[in-house]
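Below you'll find the structure, written out as structure tokens, and then a few comments.
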Amino acid sequence: MQKGFATLEVILLVMVIAILASIAVPRFTSVTTAANTAKIQSDLTTIDTAIAIYIMEKGTTPAPTMSNLSDYIQDSANLKPPTGKAYINGTATDITVTTYAITQVDGEYRATLDGKTAGNFTNKSSSST
């Protein structure tokens with residue numbers, strides 16, 4: 001009696017592993033994209049809150065910047081967006097920007113990532129932009 005696996009058994013095992021991998025990898029990718037989206041939403045909301053407190057305390061002059069919000073955000077120097085993909089209005093999009101910004105949106109200072117606010121980062125498509 002021979003010990004070990006027959007060639008057919010090894011081929012079948014590899015096929016089963018390949019099928020399981022083809023199911024698991026896309027799900028892992030979508031979970032990573034959702035996690036990136038949640039982090040960006042959280043970061044932008046935190047920065048928006050810091051902007052509101054800054055404006056309440058100091059007024060709108062000087063305009064809030066990431067550097068002068070350091071009193072309101074713990075470890076603000078290391079607050080960076082994740083790499084990879086995130087959902088923007090329901091579409092998985094590559095994140096190419098490496099820093100958050102503060103811009104005026106509809107007359108208010110808002111935290112943005114590539115010109116998009118926290119409300120744009122969602123896995124649901126939006127009919128209004």
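If you're wondering about the labels, chains in the structure tokens are A, B, ... by order shown, residues count from 1 in each chain, ligands from 1 in order shown.
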
| said: For range 94-107 of chain A, find every residue with an atom within 9 Å (counting only C-alpha atoms), except residues of its own chain fewer than 6 positions away, and show them as an MDAnalysis selection string. | reply: chainID A and resid 43:44 47:48 51 64:66 79:87 113:115 117

| request: Write out as a VMD selection string which residues come within 8 Å of range 89-91 of chain A when counting only C-alpha atoms, dropping same-chain ones fewer than 5 positions away. | output: chain A and resid 120 to 126

Go ahead and write the selection's residues with C-alpha atoms as a CSV table (one decimal), in the first residue's frame.
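The resulting file, again-v3.csv, is shown below:
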chain,number,residue,atom,x,y,z
A,120,ASN,CA,-20.4,62.1,0.5
A,121,PHE,CA,-18.7,59.0,1.9
A,122,THR,CA,-21.4,56.4,1.9
A,123,ASN,CA,-22.1,53.1,0.2
A,124,LYS,CA,-25.5,54.3,-0.9
A,125,SER,CA,-25.8,56.3,-4.2
A,126,SER,CA,-27.0,59.8,-3.9

| task | For CA of Asp75 in chain A and CA of Thr112 in chain A, quote the distance in Å rounded to one decimal. | result | 18.2 Å

Which of chain A fall in strand (DSSP E or B), as a PDB file with N, CA and C atoms, in the first residue's frame:
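Everything below was put into selection_12.pdb:
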ATOM      1  N   LYS A  85      -9.417  51.949  -1.180  1.00  0.00           N
ATOM      2  CA  LYS A  85     -10.674  52.439  -1.743  1.00  0.00           C
ATOM      3  C   LYS A  85     -11.637  52.819  -0.632  1.00  0.00           C
ATOM      4  N   ALA A  86     -12.565  53.725  -0.971  1.00  0.00           N
ATOM      5  CA  ALA A  86     -13.656  54.099  -0.077  1.00  0.00           C
ATOM      6  C   ALA A  86     -14.891  54.347  -0.946  1.00  0.00           C
ATOM      7  N   TYR A  87     -16.055  54.211  -0.333  1.00  0.00           N
ATOM      8  CA  TYR A  87     -17.293  54.479  -1.066  1.00  0.00           C
ATOM      9  C   TYR A  87     -17.571  55.974  -1.075  1.00  0.00           C
ATOM     10  N   ILE A  88     -17.724  56.529  -2.271  1.00  0.00           N
ATOM     11  CA  ILE A  88     -18.138  57.917  -2.428  1.00  0.00           C
ATOM     12  C   ILE A  88     -19.450  57.890  -3.199  1.00  0.00           C
ATOM     13  N   THR A  91     -20.123  54.527  -4.853  1.00  0.00           N
ATOM     14  CA  THR A  91     -19.151  53.961  -5.787  1.00  0.00           C
ATOM     15  C   THR A  91     -17.806  53.795  -5.097  1.00  0.00           C
ATOM     16  N   ALA A  92     -17.242  52.602  -5.174  1.00  0.00           N
ATOM     17  CA  ALA A  92     -15.907  52.371  -4.600  1.00  0.00           C
ATOM     18  C   ALA A  92     -14.892  53.134  -5.442  1.00  0.00           C
ATOM     19  N   THR A  93     -14.164  54.037  -4.789  1.00  0.00           N
ATOM     20  CA  THR A  93     -13.235  54.936  -5.477  1.00  0.00           C
ATOM     21  C   THR A  93     -11.881  54.892  -4.796  1.00  0.00           C
ATOM     22  N   ASP A  94     -10.814  54.934  -5.577  1.00  0.00           N
ATOM     23  CA  ASP A  94      -9.469  54.977  -5.001  1.00  0.00           C
ATOM     24  C   ASP A  94      -9.258  56.286  -4.261  1.00  0.00           C
ATOM     25  N   ALA A 101      -8.491  68.399   4.438  1.00  0.00           N
ATOM     26  CA  ALA A 101      -8.403  69.846   4.252  1.00  0.00           C
ATOM     27  C   ALA A 101      -9.627  70.506   4.876  1.00  0.00           C
ATOM     28  N   ILE A 102      -9.522  71.797   5.092  1.00  0.00           N
ATOM     29  CA  ILE A 102     -10.653  72.582   5.564  1.00  0.00           C
ATOM     30  C   ILE A 102     -10.977  73.589   4.468  1.00  0.00           C
ATOM     31  N   THR A 103     -12.187  73.513   3.940  1.00  0.00           N
ATOM     32  CA  THR A 103     -12.605  74.410   2.869  1.00  0.00           C
ATOM     33  C   THR A 103     -13.974  74.977   3.191  1.00  0.00           C
ATOM     34  N   GLN A 104     -14.320  76.046   2.495  1.00  0.00           N
ATOM     35  CA  GLN A 104     -15.653  76.611   2.676  1.00  0.00           C
ATOM     36  C   GLN A 104     -16.612  75.888   1.744  1.00  0.00           C
ATOM     37  N   VAL A 105     -17.672  75.349   2.328  1.00  0.00           N
ATOM     38  CA  VAL A 105     -18.715  74.663   1.578  1.00  0.00           C
ATOM     39  C   VAL A 105     -20.025  75.345   1.951  1.00  0.00           C
ATOM     40  N   GLU A 108     -19.802  77.761   4.866  1.00  0.00           N
ATOM     41  CA  GLU A 108     -19.355  77.250   6.167  1.00  0.00           C
ATOM     42  C   GLU A 108     -18.026  76.531   5.993  1.00  0.00           C
ATOM     43  N   TYR A 109     -17.186  76.612   7.020  1.00  0.00           N
ATOM     44  CA  TYR A 109     -15.945  75.846   7.000  1.00  0.00           C
ATOM     45  C   TYR A 109     -16.270  74.399   7.303  1.00  0.00           C
ATOM     46  N   ARG A 110     -15.773  73.511   6.433  1.00  0.00           N
ATOM     47  CA  ARG A 110     -16.024  72.076   6.582  1.00  0.00           C
ATOM     48  C   ARG A 110     -14.752  71.296   6.339  1.00  0.00           C
ATOM     49  N   ALA A 111     -14.654  70.158   7.003  1.00  0.00           N
ATOM     50  CA  ALA A 111     -13.562  69.228   6.751  1.00  0.00           C
ATOM     51  C   ALA A 111     -13.870  68.485   5.456  1.00  0.00           C
ATOM     52  N   THR A 112     -12.860  68.358   4.597  1.00  0.00           N
ATOM     53  CA  THR A 112     -13.063  67.679   3.324  1.00  0.00           C
ATOM     54  C   THR A 112     -11.898  66.744   3.017  1.00  0.00           C
ATOM     55  N   LEU A 113     -12.185  65.797   2.181  1.00  0.00           N
ATOM     56  CA  LEU A 113     -11.160  64.929   1.608  1.00  0.00           C
ATOM     57  C   LEU A 113     -11.387  64.964   0.107  1.00  0.00           C
ATOM     58  N   LYS A 116     -14.660  66.538  -0.836  1.00  0.00           N
ATOM     59  CA  LYS A 116     -15.899  65.864  -0.442  1.00  0.00           C
ATOM     60  C   LYS A 116     -16.038  65.889   1.080  1.00  0.00           C
TER      61      LYS A 116
END

| field | Separation of CA of Glu57 in chain A from CA of Thr45 in chain A in Å | value | 18.5 Å

| message | Rounded to one decimal, what separation in Å do you get between CA of Tyr72 in chain A and CA of Ala52 in chain A? | response |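 Going from CA of Tyr72 in chain A over to CA of Ala52 in chain A covers 10.1 Å.
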
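Nearest residue to Gly119 in chain A among A:Ser22, A:Gln41, A:Ser30, A:Thr61 is A:Gln41, counting only C-alpha atoms.
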